[in-house]
$ cat run06.pdb   # PDB, C-alpha atoms, pLDDT in the B column
ATOM      1  CA  MET K   1       4.075  14.419 -14.564  1.00 39.00           C
ATOM      2  CA  LYS K   2       2.415  12.393 -11.819  1.00 53.00           C
ATOM      3  CA  LEU K   3      -0.497  13.931  -9.994  1.00 59.00           C
ATOM      4  CA  TYR K   4       1.210  13.560  -6.618  1.00 63.00           C
ATOM      5  CA  THR K   5       4.965  13.538  -6.249  1.00 66.00           C
ATOM      6  CA  ILE K   6       7.384  13.862  -3.391  1.00 70.00           C
ATOM      7  CA  GLY K   7       9.098  17.182  -3.931  1.00 65.00           C
ATOM      8  CA  HIS K   8      11.840  16.869  -1.355  1.00 65.00           C
ATOM      9  CA  ARG K   9      13.714  13.737  -0.408  1.00 66.00           C
ATOM     10  CA  GLU K  10      13.809  14.840   3.198  1.00 75.00           C
ATOM     11  CA  GLY K  11      10.902  15.864   5.323  1.00 88.00           C
ATOM     12  CA  ILE K  12       7.767  14.470   6.864  1.00 94.00           C
ATOM     13  CA  TYR K  13       4.803  13.483   4.701  1.00 94.00           C
ATOM     14  CA  PHE K  14       1.139  12.728   5.300  1.00 96.00           C
ATOM     15  CA  CYS K  15       0.137   9.942   2.915  1.00 96.00           C
ATOM     16  CA  THR K  16      -3.163   8.266   2.162  1.00 98.00           C
ATOM     17  CA  ASP K  17      -3.095   4.962   0.315  1.00 98.00           C
ATOM     18  CA  THR K  18      -6.563   4.026  -0.900  1.00 98.00           C
ATOM     19  CA  ILE K  19      -7.725   0.625  -2.086  1.00 98.00           C
ATOM     20  CA  ILE K  20      -9.077   0.641  -5.649  1.00 97.00           C
ATOM     21  CA  SER K  21     -12.788   1.518  -5.835  1.00 97.00           C
ATOM     22  CA  PHE K  22     -12.726   2.048  -2.071  1.00 98.00           C
ATOM     23  CA  ALA K  23     -13.166  -1.693  -1.538  1.00 98.00           C
ATOM     24  CA  TYR K  24     -13.359  -2.658   2.123  1.00 98.00           C
ATOM     25  CA  ILE K  25     -10.266  -4.806   2.629  1.00 98.00           C
ATOM     26  CA  PHE K  26      -9.110  -3.907   6.112  1.00 98.00           C
ATOM     27  CA  VAL K  27     -12.016  -5.444   7.982  1.00 97.00           C
ATOM     28  CA  GLU K  28     -10.253  -8.649   9.038  1.00 96.00           C
ATOM     29  CA  ILE K  29      -7.173  -8.964  11.230  1.00 97.00           C
ATOM     30  CA  GLU K  30      -5.093 -10.774   8.593  1.00 98.00           C
ATOM     31  CA  PHE K  31      -5.210  -7.733   6.315  1.00 98.00           C
ATOM     32  CA  PHE K  32      -4.285  -5.399   9.182  1.00 97.00           C
ATOM     33  CA  GLU K  33      -1.279  -7.584   9.885  1.00 98.00           C
ATOM     34  CA  ILE K  34      -0.061  -7.265   6.288  1.00 98.00           C
ATOM     35  CA  ILE K  35       0.102  -3.479   6.666  1.00 98.00           C
ATOM     36  CA  ILE K  36       1.567  -3.472  10.169  1.00 98.00           C
ATOM     37  CA  ASP K  37       4.211  -6.095   9.360  1.00 98.00           C
ATOM     38  CA  SER K  38       5.226  -4.244   6.205  1.00 98.00           C
ATOM     39  CA  LEU K  39       5.522  -0.911   8.030  1.00 98.00           C
ATOM     40  CA  LYS K  40       7.639  -2.552  10.750  1.00 98.00           C
ATOM     41  CA  TYR K  41       9.889  -4.134   8.124  1.00 98.00           C
ATOM     42  CA  CYS K  42      10.338  -0.802   6.338  1.00 98.00           C
ATOM     43  CA  GLN K  43      11.260   0.833   9.651  1.00 98.00           C
ATOM     44  CA  LYS K  44      13.836  -1.808  10.514  1.00 97.00           C
ATOM     45  CA  GLU K  45      15.335  -2.539   7.096  1.00 96.00           C
ATOM     46  CA  LYS K  46      14.727   0.512   4.889  1.00 97.00           C
ATOM     47  CA  GLY K  47      15.017   3.506   7.200  1.00 96.00           C
ATOM     48  CA  LEU K  48      11.332   4.433   7.340  1.00 97.00           C
ATOM     49  CA  GLN K  49      10.487   6.976  10.043  1.00 97.00           C
ATOM     50  CA  LEU K  50       6.920   6.075  10.965  1.00 98.00           C
ATOM     51  CA  ILE K  51       5.380   8.763  13.128  1.00 98.00           C
ATOM     52  CA  ALA K  52       1.758   7.631  13.034  1.00 98.00           C
ATOM     53  CA  TYR K  53      -0.648   5.482  11.071  1.00 98.00           C
ATOM     54  CA  VAL K  54      -4.364   4.734  10.960  1.00 98.00           C
ATOM     55  CA  ILE K  55      -5.861   1.781   9.124  1.00 98.00           C
ATOM     56  CA  MET K  56      -9.399   2.433   7.897  1.00 98.00           C
ATOM     57  CA  PRO K  57     -11.622  -0.144   6.117  1.00 98.00           C
ATOM     58  CA  ASN K  58     -10.526   0.969   2.624  1.00 98.00           C
ATOM     59  CA  HIS K  59      -7.411   3.084   3.109  1.00 98.00           C
ATOM     60  CA  VAL K  60      -4.348   3.709   5.250  1.00 98.00           C
ATOM     61  CA  HIS K  61      -3.140   7.082   6.532  1.00 98.00           C
ATOM     62  CA  THR K  62       0.514   7.468   7.463  1.00 98.00           C
ATOM     63  CA  ILE K  63       2.727  10.272   8.678  1.00 98.00           C
ATOM     64  CA  LEU K  64       6.257   9.363   7.726  1.00 97.00           C
ATOM     65  CA  GLY K  65       9.718  10.255   6.529  1.00 96.00           C
ATOM     66  CA  ALA K  66      12.948   8.420   5.745  1.00 96.00           C
ATOM     67  CA  ASN K  67      16.276   8.305   7.540  1.00 93.00           C
ATOM     68  CA  ASN K  68      18.089   7.978   4.225  1.00 85.00           C
ATOM     69  CA  GLY K  69      15.959  10.494   2.291  1.00 83.00           C
ATOM     70  CA  ASN K  70      14.711   7.735   0.004  1.00 90.00           C
ATOM     71  CA  ILE K  71      11.003   7.927   0.789  1.00 94.00           C
ATOM     72  CA  SER K  72       9.840   7.347  -2.809  1.00 92.00           C
ATOM     73  CA  ASN K  73      11.613   3.992  -3.026  1.00 94.00           C
ATOM     74  CA  ILE K  74      10.373   2.927   0.386  1.00 96.00           C
ATOM     75  CA  LEU K  75       6.766   3.738  -0.519  1.00 96.00           C
ATOM     76  CA  ARG K  76       7.095   1.980  -3.880  1.00 96.00           C
ATOM     77  CA  ASP K  77       8.397  -1.191  -2.225  1.00 97.00           C
ATOM     78  CA  TYR K  78       5.782  -1.009   0.542  1.00 98.00           C
ATOM     79  CA  LYS K  79       2.935  -0.732  -1.950  1.00 98.00           C
ATOM     80  CA  GLN K  80       4.270  -3.521  -4.179  1.00 97.00           C
ATOM     81  CA  TYR K  81       4.738  -5.877  -1.251  1.00 98.00           C
ATOM     82  CA  THR K  82       1.384  -5.149   0.384  1.00 98.00           C
ATOM     83  CA  SER K  83      -0.399  -5.461  -2.975  1.00 98.00           C
ATOM     84  CA  ARG K  84       1.104  -8.892  -3.499  1.00 98.00           C
ATOM     85  CA  LYS K  85       0.282 -10.064   0.037  1.00 98.00           C
ATOM     86  CA  ILE K  86      -3.289  -8.718  -0.131  1.00 98.00           C
ATOM     87  CA  THR K  87      -3.982 -10.495  -3.436  1.00 98.00           C
ATOM     88  CA  GLU K  88      -2.418 -13.739  -2.135  1.00 98.00           C
ATOM     89  CA  THR K  89      -4.689 -13.569   0.902  1.00 98.00           C
ATOM     90  CA  LEU K  90      -7.747 -12.807  -1.208  1.00 98.00           C
ATOM     91  CA  ARG K  91      -6.947 -15.775  -3.474  1.00 98.00           C
ATOM     92  CA  ARG K  92      -6.499 -18.096  -0.508  1.00 98.00           C
ATOM     93  CA  ARG K  93      -9.823 -16.927   0.922  1.00 97.00           C
ATOM     94  CA  ARG K  94     -11.502 -17.213  -2.498  1.00 97.00           C
ATOM     95  CA  LYS K  95     -12.658 -13.585  -2.553  1.00 97.00           C
ATOM     96  CA  VAL K  96     -13.424 -13.791  -6.279  1.00 97.00           C
ATOM     97  CA  GLN K  97     -15.426 -10.573  -6.567  1.00 97.00           C
ATOM     98  CA  THR K  98     -12.670  -8.396  -5.085  1.00 98.00           C
ATOM     99  CA  LEU K  99      -9.968 -10.125  -7.131  1.00 98.00           C
ATOM    100  CA  SER K 100     -12.039  -9.572 -10.263  1.00 97.00           C
ATOM    101  CA  LEU K 101     -12.287  -5.856  -9.455  1.00 97.00           C
ATOM    102  CA  PHE K 102      -8.508  -5.602  -8.967  1.00 98.00           C
ATOM    103  CA  LYS K 103      -7.874  -7.566 -12.164  1.00 96.00           C
ATOM    104  CA  SER K 104     -10.150  -5.405 -14.337  1.00 96.00           C
ATOM    105  CA  THR K 105      -8.607  -2.246 -12.906  1.00 96.00           C
ATOM    106  CA  ALA K 106      -5.105  -3.538 -13.678  1.00 95.00           C
ATOM    107  CA  LYS K 107      -6.144  -4.300 -17.244  1.00 93.00           C
ATOM    108  CA  ARG K 108      -7.457  -0.739 -17.731  1.00 93.00           C
ATOM    109  CA  ASP K 109      -4.324   0.692 -16.113  1.00 88.00           C
ATOM    110  CA  GLY K 110      -2.265  -0.533 -19.070  1.00 85.00           C
ATOM    111  CA  LYS K 111       0.718  -1.642 -17.002  1.00 88.00           C
ATOM    112  CA  ASP K 112       1.851  -5.234 -16.985  1.00 88.00           C
ATOM    113  CA  ASN K 113       0.309  -6.109 -13.598  1.00 91.00           C
ATOM    114  CA  GLN K 114      -2.182  -8.877 -12.958  1.00 94.00           C
ATOM    115  CA  TYR K 115      -3.897  -6.953 -10.145  1.00 96.00           C
ATOM    116  CA  LYS K 116      -4.092  -3.310  -9.055  1.00 97.00           C
ATOM    117  CA  VAL K 117      -4.795  -2.962  -5.336  1.00 98.00           C
ATOM    118  CA  TRP K 118      -3.774   0.644  -4.581  1.00 97.00           C
TER     119      TRP K 118
END

$ encode --input "run06.pdb" --output "structure tokens"
Amino acid sequence: MKLYTIGHREGIYFCTDTIISFAYIFVEIEFFEIIIDSLKYCQKEKGLQLIAYVIMPNHVHTILGANNGNISNILRDYKQYTSRKITETLRRRRKVQTLSLFKSTAKRDGKDNQYKVW
């Protein structure tokens, strides 16, 4: 069983998504935009009910629900997409130390991912 699971498909949830090792990622506007654009997309295309959000340097708080009761799938897609966009941006900016941290964490995680951001 997962440590944290969504017990009911309907309802409002307070979520905190934390960057691995509490790395400070959200200190530049480009990284903020990744989160904001993804949340907007999920609202428009996936039925996300976004009530509030706060972006901190190493984590994001959201209060949310889903119009279609499919919050788990929305959150999964949101985290996959933002992970990919964050690592692409880090690669482009040559942030080798942060990428190395995400890569070593992914290796220890045992899943078949190159990087683990969240």

$ axis_aligned_box --input "run06.pdb" --around "stretch 64-68 of chain K" --padding-each-side "4 Å" --output "AutoDock Vina command-line options"
--center_x 12.2 --center_y 9.1 --center_z 6.0 --size_x 19.8 --size_y 10.3 --size_z 11.5

$ closest_residue --input "run06.pdb" --among "K:Thr18, K:Thr82, K:Asn58, K:Gln49" --to "K:Ile36" --atoms "all atoms listed in the file"
K:Thr82

$ residues_near_point --input "run06.pdb" --point "(-11.3, -3.2, 9.6)" --cutoff "12 Å" --atoms "all atoms listed in the file" --output "list in words"
Ala23, Tyr24, Ile25, Phe26, Val27, Glu28, Ile29, Glu30, Phe31, Phe32, Glu33, Ile35, Val54, Ile55, Met56, Pro57, Asn58, His59 and Val60 of chain K

$ closest_residue --input "run06.pdb" --among "K:Lys116, K:Lys40, K:Lys46, K:Arg108" --to "K:Asn67" --atoms "all atoms listed in the file"
K:Lys46

$ atom_distance --input "run06.pdb" --atom1 "atom CA of K:Gly69" --atom2 "atom CA of K:Ile20"
28.1 Å

$ residues_around --input "run06.pdb" --residues "K:Leu48" --least-positions-apart "5" --cutoff "9 Å" --atoms "all atoms listed in the file" --output "ChimeraX atom specification"
/K:39-43,64-68,70-71,74

$ atom_distance --input "run06.pdb" --atom1 "atom CA of K:Ser72" --atom2 "atom CA of K:Arg91"
28.6 Å

$ closest_residue --input "run06.pdb" --among "K:Thr62, K:Gln114, K:Thr87, K:Thr105" --to "K:Asp17" --atoms "only C-alpha atoms"
K:Thr62

$ atom_distance --input "run06.pdb" --atom1 "atom CA of K:Val96" --atom2 "atom CA of K:Tyr53"
28.9 Å

$ closest_residue --input "run06.pdb" --among "K:Thr89, K:Ile63, K:Ser21, K:Leu50" --to "K:Ser104" --atoms "only C-alpha atoms"
K:Ser21

$ closest_residue --input "run06.pdb" --among "K:Val117, K:Asn73, K:Glu45, K:Glu10" --to "K:Leu101" --atoms "only C-alpha atoms"
K:Val117
